[in-house]
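**Q** Below: one structure in structure tokens.
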Amino acid sequence: MAEWTEKLPEAARDYLSGRRLDEVECIVPDIAGVARGKAMPAFKFEHQKSFFLPTSIFLQTITGEWADAPKGEDEYKEPDMTLVPDFTTATAAPWTADITLQIIHDAFDQRGLPVPTAPRNVLKRVLALYAAEGWRPVVAPEMEFFFVARNLDPNMPIVPPMGRSGRRAAAKQAYSMSAVDEYGKVIDDIYDFAEAMGLEIDGILQEGGAGQVEINLAHGNPVDLADHIFYFKRMIREAALRHDCFATFMAKPIEGEPGSAMHIHHSVVDIRTGRNIFSAEDGSETPAFLHFISGMQRHLPAAVALLAPYVNSYRRYVPDFAAPINLEWGRDNRTTGLRVPISGPEARRVENRLAGMDCNPYLGIAASLACGYLGLKEAQAPRPECTINAYMGEDELPLNLSDAIDLLEEDTALVEVLGPEFVALYAAVKRHEYKEFQQVISPWEREHLLLNV
């Protein structure tokens with residue numbers, strides 16, 4: 001094997017053992033979390049330490065259109081950025097016909113500085129602020145998604161997939177093992193692909209929706225976990241396609257069913273001592289723990305634009321569908337937007353239940369950690385703990401994407417943590433997407449307004 005393969009993680013080296021590498025996919029996550037880049041023959045990659053793509057890829061909307069660049073003297077030039085491989089991210093693409101590796105690349109400008117609008121760099125920016133205070137965040141994400149029947153006509157509703165029994169997947173079967181077995185062959189491929197890719201699965205379970213599954217990931221470094229979710233999304237879609245169904249990470253794909261969340265568990269470790277700063281030596285909760293919660297309550301309304309990035313995302317924020325519509329916090333209370341799970345002092349953590357599975361994992365984790373960081377710096381107390389059904393309270397979140405973007409731009413502290421250049425670009429992309437959506441006439445409008453108004 002080539003000299004550079006010595007830098008690869010063990011799982012990637014094992015995948016290549018005794019095989020000839022055919023192709024390398026050089027990829028960078030865009031604003032939507034979509035893999036952009038280029039594939040090249042392995043022999044070509046060996047002699048190329050970096051490659052170039054225009055920075056304008058971060059202006060591409062989910063529909064493939066292009067938002068207007070924020071004002072700047074070079075906006076019309078579409079300058080190139082340099083993409084440098086991060087070999088620690090190298091992993092197999094086991095669904096391909098050839099022997100292929102995927103490698104996530106970091107984006108730098110022509111001065112050698114990180115491109116501030118690249119989502120992976122946004123997350124690293126937030127982590128650097130923690131490190132400057134002597135802190136190291138730890139996260140553990142949960143991934144919810146749906147297996148659905150192939151949908152070839154966007155005008156037709158999404159329906160659950162056909163299971164091995166010959167019947168469509170049923171709803172309201174949370175934690176049912178037989179429900180998961182209905183699409184066991186897809187799950188088997190997911191396990192096999194994950195093993196080949198070196199991705200760790202903490203557990204798989206049936207969620208409350210028809211064909212809805214949850215995958216839990218072990219806690220760890222935020223960039224690593226965002227990389228894993230980025231890879232998992234791509235891999236799960238490929239596994240589903242092998243079995244004549246789709247996997248979707250839409251926040252709310254099926255009318256009348258629950259939505260899909262990306263719950264994020266957070267703790268913070270003192271770099272010097274290795275201790276969880278949320279717990280005192282006697283095991284009690286620290287002021288830092290409450291300050292972190294306070295920061296989330298104060299800044300999450302502005303961060304929702306990144307946690308709920310599409311018009312569909314806000315269909316998930318409805319009562320009685322196991323989705324949070326509040327900023328309350330509570331111990332072991334799943335009706336609150338901020339839940340403190342049962343744990344020992346060393347594992348004390350805060351679970352943010354607001355993020356949708358449709359968010360870019362780098363940006364969702366960055367936004368959530370940014371709110372907690374601001375809380376640690378502002379050192380204010382949170383509201384009293386909610387010990388009742390938080391669904392009975394008032395909604396506290398923006399109700400649509402346009403309002404969410406307004407709140408993001410108005411929160412100057414959060415903008416500074418995430419980076420003003422990034423926020424300006426993100427807002428431009430999201431406003432363009434919202435404008436496109438507003439031009440679409442929905443079936444509801446045709447059904448109820450065409451002949452009645």
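Scheme for the structure tokens: letters A, B, ... for chains in order shown; per-chain residue numbers from 1; ligand numbers from 1 in order shown.
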List as a count of residues only the protein and nucleic acid residues near His243 (chain A), meaning an atom at most 9 Å away when only C-alpha atoms are counted, but skip any in the same chain fewer than 3 places from it.
**A** 6
**Q** Listing only residues of region 235-340 of chain A within 10 Å of region 432-438 of chain A, what is the closest atom pair and its distance in Å (to one decimal) for each, using only C-alpha atoms, sorted by chain and residue number ascending, as a tab-separated table?
**A**
residue	atom	partner	partner_atom	distance
A:Pro309	CA	A:Glu433	CA	9.8
A:Tyr310	CA	A:Tyr434	CA	7.9
A:Val311	CA	A:Tyr434	CA	7.1
**Q** Using only C-alpha atoms for the distances, tell me which of A:Ile388, A:Ala226, A:Ile187, A:Met177 is nearest to Pro141 (chain A).
**A**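 Smallest separation from Pro141 (chain A) among the options: A:Ala226.
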**Q** Using only C-alpha atoms, I'd like a table of the residues in region 62-178 of chain A that come within 8 Å of region 352-374 of chain A; for each, show the closest atom pair and its distance in Å rounded to one decimal, ordered by chain and ascending number, as JSON lines.
**A**
{"residue": "A:Pro119", "atom": "CA", "partner": "A:Tyr362", "partner_atom": "CA", "distance": 5.8}
{"residue": "A:Arg120", "atom": "CA", "partner": "A:Tyr362", "partner_atom": "CA", "distance": 5.8}
{"residue": "A:Val122", "atom": "CA", "partner": "A:Ala366", "partner_atom": "CA", "distance": 6.9}
{"residue": "A:Leu123", "atom": "CA", "partner": "A:Ala366", "partner_atom": "CA", "distance": 4.7}
{"residue": "A:Val126", "atom": "CA", "partner": "A:Ala370", "partner_atom": "CA", "distance": 6.3}
{"residue": "A:Tyr130", "atom": "CA", "partner": "A:Tyr373", "partner_atom": "CA", "distance": 7.0}
{"residue": "A:Pro137", "atom": "CA", "partner": "A:Leu369", "partner_atom": "CA", "distance": 7.8}
{"residue": "A:Met143", "atom": "CA", "partner": "A:Met357", "partner_atom": "CA", "distance": 6.5}
{"residue": "A:Glu144", "atom": "CA", "partner": "A:Met357", "partner_atom": "CA", "distance": 6.4}
{"residue": "A:Phe145", "atom": "CA", "partner": "A:Met357", "partner_atom": "CA", "distance": 7.2}
**Q** Convert the current residue selection to file output with C-alpha atoms, as an mmCIF file, in the first residue's frame.
**A**
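Result file selection02.cif:
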data_model
loop_
_atom_site.group_PDB
_atom_site.id
_atom_site.type_symbol
_atom_site.label_atom_id
_atom_site.label_comp_id
_atom_site.auth_asym_id
_atom_site.auth_seq_id
_atom_site.Cartn_x
_atom_site.Cartn_y
_atom_site.Cartn_z
ATOM 1 C CA PRO A 119 -19.670 23.702 8.750
ATOM 2 C CA ARG A 120 -16.851 21.519 10.131
ATOM 3 C CA VAL A 122 -17.796 26.303 12.544
ATOM 4 C CA LEU A 123 -17.882 23.413 15.023
ATOM 5 C CA VAL A 126 -16.864 26.650 19.024
ATOM 6 C CA TYR A 130 -14.199 25.928 25.107
ATOM 7 C CA PRO A 137 -17.193 19.224 25.593
ATOM 8 C CA MET A 143 -30.377 9.481 15.437
ATOM 9 C CA GLU A 144 -34.037 8.991 14.527
ATOM 10 C CA PHE A 145 -35.143 8.301 10.963
#
**Q** Hey, what's within 12 Å of Asp192 (chain A) if we count only C-alpha atoms and toss same-chain stuff fewer than 4 positions away? As a list in words, please?
**A**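 Final neighbour list, sorted by chain and number: Ala92, Ala93, Pro94, Trp95, Lys185, Val186, Ile187, Asp188, Ala196, Met197, Gly198, Leu199, Glu200, Ile201, Met235, Ile236 and Ala239 of chain A.
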**Q** Please produce a file of those selected residues containing N, CA and C atoms, as a PDB file, in the first residue's frame.
**A**
ATOM      1  N   ALA A  92     -14.226   3.216   4.787  1.00  0.00           N
ATOM      2  CA  ALA A  92     -14.684   2.496   3.602  1.00  0.00           C
ATOM      3  C   ALA A  92     -16.013   3.047   3.105  1.00  0.00           C
ATOM      4  N   ALA A  93     -16.249   2.859   1.812  1.00  0.00           N
ATOM      5  CA  ALA A  93     -17.580   3.049   1.228  1.00  0.00           C
ATOM      6  C   ALA A  93     -18.020   1.655   0.776  1.00  0.00           C
ATOM      7  N   PRO A  94     -18.456   0.801   1.714  1.00  0.00           N
ATOM      8  CA  PRO A  94     -18.607  -0.635   1.433  1.00  0.00           C
ATOM      9  C   PRO A  94     -19.746  -0.992   0.496  1.00  0.00           C
ATOM     10  N   TRP A  95     -20.587  -0.031   0.136  1.00  0.00           N
ATOM     11  CA  TRP A  95     -21.693  -0.314  -0.784  1.00  0.00           C
ATOM     12  C   TRP A  95     -21.279  -0.179  -2.248  1.00  0.00           C
ATOM     13  N   LYS A 185     -33.360  -7.154   7.336  1.00  0.00           N
ATOM     14  CA  LYS A 185     -32.284  -7.264   6.345  1.00  0.00           C
ATOM     15  C   LYS A 185     -31.584  -5.915   6.135  1.00  0.00           C
ATOM     16  N   VAL A 186     -32.354  -4.825   6.205  1.00  0.00           N
ATOM     17  CA  VAL A 186     -31.733  -3.499   6.107  1.00  0.00           C
ATOM     18  C   VAL A 186     -30.860  -3.248   7.327  1.00  0.00           C
ATOM     19  N   ILE A 187     -31.364  -3.611   8.508  1.00  0.00           N
ATOM     20  CA  ILE A 187     -30.606  -3.431   9.742  1.00  0.00           C
ATOM     21  C   ILE A 187     -29.313  -4.243   9.687  1.00  0.00           C
ATOM     22  N   ASP A 188     -29.395  -5.461   9.148  1.00  0.00           N
ATOM     23  CA  ASP A 188     -28.191  -6.291   9.021  1.00  0.00           C
ATOM     24  C   ASP A 188     -27.137  -5.601   8.168  1.00  0.00           C
ATOM     25  N   ALA A 196     -17.505  -2.352   8.744  1.00  0.00           N
ATOM     26  CA  ALA A 196     -16.486  -2.102   7.726  1.00  0.00           C
ATOM     27  C   ALA A 196     -15.966  -0.671   7.802  1.00  0.00           C
ATOM     28  N   MET A 197     -16.830   0.263   8.223  1.00  0.00           N
ATOM     29  CA  MET A 197     -16.455   1.677   8.273  1.00  0.00           C
ATOM     30  C   MET A 197     -15.823   2.075   9.604  1.00  0.00           C
ATOM     31  N   GLY A 198     -15.842   1.157  10.589  1.00  0.00           N
ATOM     32  CA  GLY A 198     -15.280   1.485  11.892  1.00  0.00           C
ATOM     33  C   GLY A 198     -16.175   2.399  12.700  1.00  0.00           C
ATOM     34  N   LEU A 199     -17.483   2.380  12.432  1.00  0.00           N
ATOM     35  CA  LEU A 199     -18.437   3.218  13.153  1.00  0.00           C
ATOM     36  C   LEU A 199     -19.097   2.389  14.251  1.00  0.00           C
ATOM     37  N   GLU A 200     -19.163   2.961  15.440  1.00  0.00           N
ATOM     38  CA  GLU A 200     -19.708   2.238  16.590  1.00  0.00           C
ATOM     39  C   GLU A 200     -21.180   2.568  16.784  1.00  0.00           C
ATOM     40  N   ILE A 201     -22.000   1.529  16.891  1.00  0.00           N
ATOM     41  CA  ILE A 201     -23.424   1.684  17.186  1.00  0.00           C
ATOM     42  C   ILE A 201     -23.655   1.256  18.623  1.00  0.00           C
ATOM     43  N   MET A 235     -24.626   6.234   4.615  1.00  0.00           N
ATOM     44  CA  MET A 235     -24.585   4.776   4.625  1.00  0.00           C
ATOM     45  C   MET A 235     -25.970   4.158   4.789  1.00  0.00           C
ATOM     46  N   ILE A 236     -26.797   4.744   5.663  1.00  0.00           N
ATOM     47  CA  ILE A 236     -28.134   4.199   5.898  1.00  0.00           C
ATOM     48  C   ILE A 236     -28.991   4.324   4.646  1.00  0.00           C
ATOM     49  N   ALA A 239     -27.955   1.496   2.410  1.00  0.00           N
ATOM     50  CA  ALA A 239     -28.456   0.206   2.880  1.00  0.00           C
ATOM     51  C   ALA A 239     -29.933   0.042   2.531  1.00  0.00           C
TER      52      ALA A 239
END
**Q** Using only C-alpha atoms, pick whichever of A:Leu414, A:Leu399, A:Val453, A:Leu376 has the shortest atom-to-atom distance to Glu133 (chain A).
**A**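 Of A:Leu414, A:Leu399, A:Val453, A:Leu376, the one nearest Glu133 (chain A), counting only C-alpha atoms, is A:Leu376.
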**Q** Taking the backbone alone, and naming residues the way the document does, which bits of region 121-184 of chain A are alpha helix (DSSP H) by DSSP, as a VMD selection string?
**A** chain A and resid 121 to 132 177 to 181 184
**Q** Nearest residue to Arg339 (chain A) out of A:Arg167, A:His291, A:Lys430, A:His263, using only C-alpha atoms?
**A**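 Closest to Arg339 (chain A), using only C-alpha atoms: A:His263.
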**Q** How many Å lie between CA of Ile342 (chain A) and CA of His265 (chain A), rounded to one decimal?
**A**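 Computed distance, CA of Ile342 (chain A) to CA of His265 (chain A), equals 12.1 Å.
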**Q** Give me the residues within 12 Å of Trp66 (chain A) as number ranges by chain, counting only C-alpha atoms and dropping any in the same chain fewer than 2 places off.
**A** A: 31, 56-64, 68-69, 78, 425-426, 428-433, 436
**Q** Would you list the contacts of region 147-156 of chain A as a ChimeraX atom specification, taking every protein, DNA or RNA residue within 7 Å and counting only C-alpha atoms, but skipping same-chain residues closer than 2 positions in sequence?
**A** /A:145,158-162,211-212,244-248
**Q** I need the chosen residues saved as a PDB file, in the first residue's frame, with N, CA and C atoms.
**A**
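After the write, result-v1.pdb holds the following:
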ATOM      1  N   PHE A 145     -34.851   8.192  12.393  1.00  0.00           N
ATOM      2  CA  PHE A 145     -35.143   8.301  10.963  1.00  0.00           C
ATOM      3  C   PHE A 145     -36.214   7.286  10.596  1.00  0.00           C
ATOM      4  N   ILE A 158     -45.918  10.236   1.517  1.00  0.00           N
ATOM      5  CA  ILE A 158     -44.978   9.198   1.949  1.00  0.00           C
ATOM      6  C   ILE A 158     -45.754   8.126   2.702  1.00  0.00           C
ATOM      7  N   VAL A 159     -45.443   6.849   2.447  1.00  0.00           N
ATOM      8  CA  VAL A 159     -46.091   5.744   3.167  1.00  0.00           C
ATOM      9  C   VAL A 159     -45.011   4.835   3.743  1.00  0.00           C
ATOM     10  N   PRO A 160     -45.349   4.087   4.802  1.00  0.00           N
ATOM     11  CA  PRO A 160     -44.373   3.184   5.406  1.00  0.00           C
ATOM     12  C   PRO A 160     -43.957   2.080   4.433  1.00  0.00           C
ATOM     13  N   PRO A 161     -42.835   1.432   4.690  1.00  0.00           N
ATOM     14  CA  PRO A 161     -42.366   0.379   3.780  1.00  0.00           C
ATOM     15  C   PRO A 161     -43.100  -0.932   4.032  1.00  0.00           C
ATOM     16  N   MET A 162     -42.965  -1.848   3.100  1.00  0.00           N
ATOM     17  CA  MET A 162     -43.508  -3.183   3.254  1.00  0.00           C
ATOM     18  C   MET A 162     -42.491  -4.014   4.038  1.00  0.00           C
ATOM     19  N   GLY A 211     -42.263   2.506  10.783  1.00  0.00           N
ATOM     20  CA  GLY A 211     -40.981   2.414  10.087  1.00  0.00           C
ATOM     21  C   GLY A 211     -39.916   3.314  10.680  1.00  0.00           C
ATOM     22  N   GLN A 212     -40.152   3.853  11.877  1.00  0.00           N
ATOM     23  CA  GLN A 212     -39.200   4.790  12.479  1.00  0.00           C
ATOM     24  C   GLN A 212     -38.224   4.055  13.399  1.00  0.00           C
ATOM     25  N   ASP A 244     -35.034  -2.027  -1.640  1.00  0.00           N
ATOM     26  CA  ASP A 244     -36.215  -1.474  -2.307  1.00  0.00           C
ATOM     27  C   ASP A 244     -37.027  -0.537  -1.410  1.00  0.00           C
ATOM     28  N   CYS A 245     -36.333   0.225  -0.571  1.00  0.00           N
ATOM     29  CA  CYS A 245     -37.022   1.254   0.206  1.00  0.00           C
ATOM     30  C   CYS A 245     -36.096   2.455   0.355  1.00  0.00           C
ATOM     31  N   PHE A 246     -36.616   3.523   0.879  1.00  0.00           N
ATOM     32  CA  PHE A 246     -35.824   4.730   1.141  1.00  0.00           C
ATOM     33  C   PHE A 246     -35.614   4.858   2.653  1.00  0.00           C
ATOM     34  N   ALA A 247     -34.527   5.491   3.032  1.00  0.00           N
ATOM     35  CA  ALA A 247     -34.348   5.981   4.398  1.00  0.00           C
ATOM     36  C   ALA A 247     -34.404   7.502   4.318  1.00  0.00           C
ATOM     37  N   THR A 248     -35.209   8.117   5.178  1.00  0.00           N
ATOM     38  CA  THR A 248     -35.329   9.568   5.148  1.00  0.00           C
ATOM     39  C   THR A 248     -35.047  10.158   6.521  1.00  0.00           C
TER      40      THR A 248
END
**Q** Could you tell me how far CA of Asp109 (chain A) lies from CA of Leu8 (chain A), in Å and to one decimal?
**A**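 So the answer is 25.1 Å.
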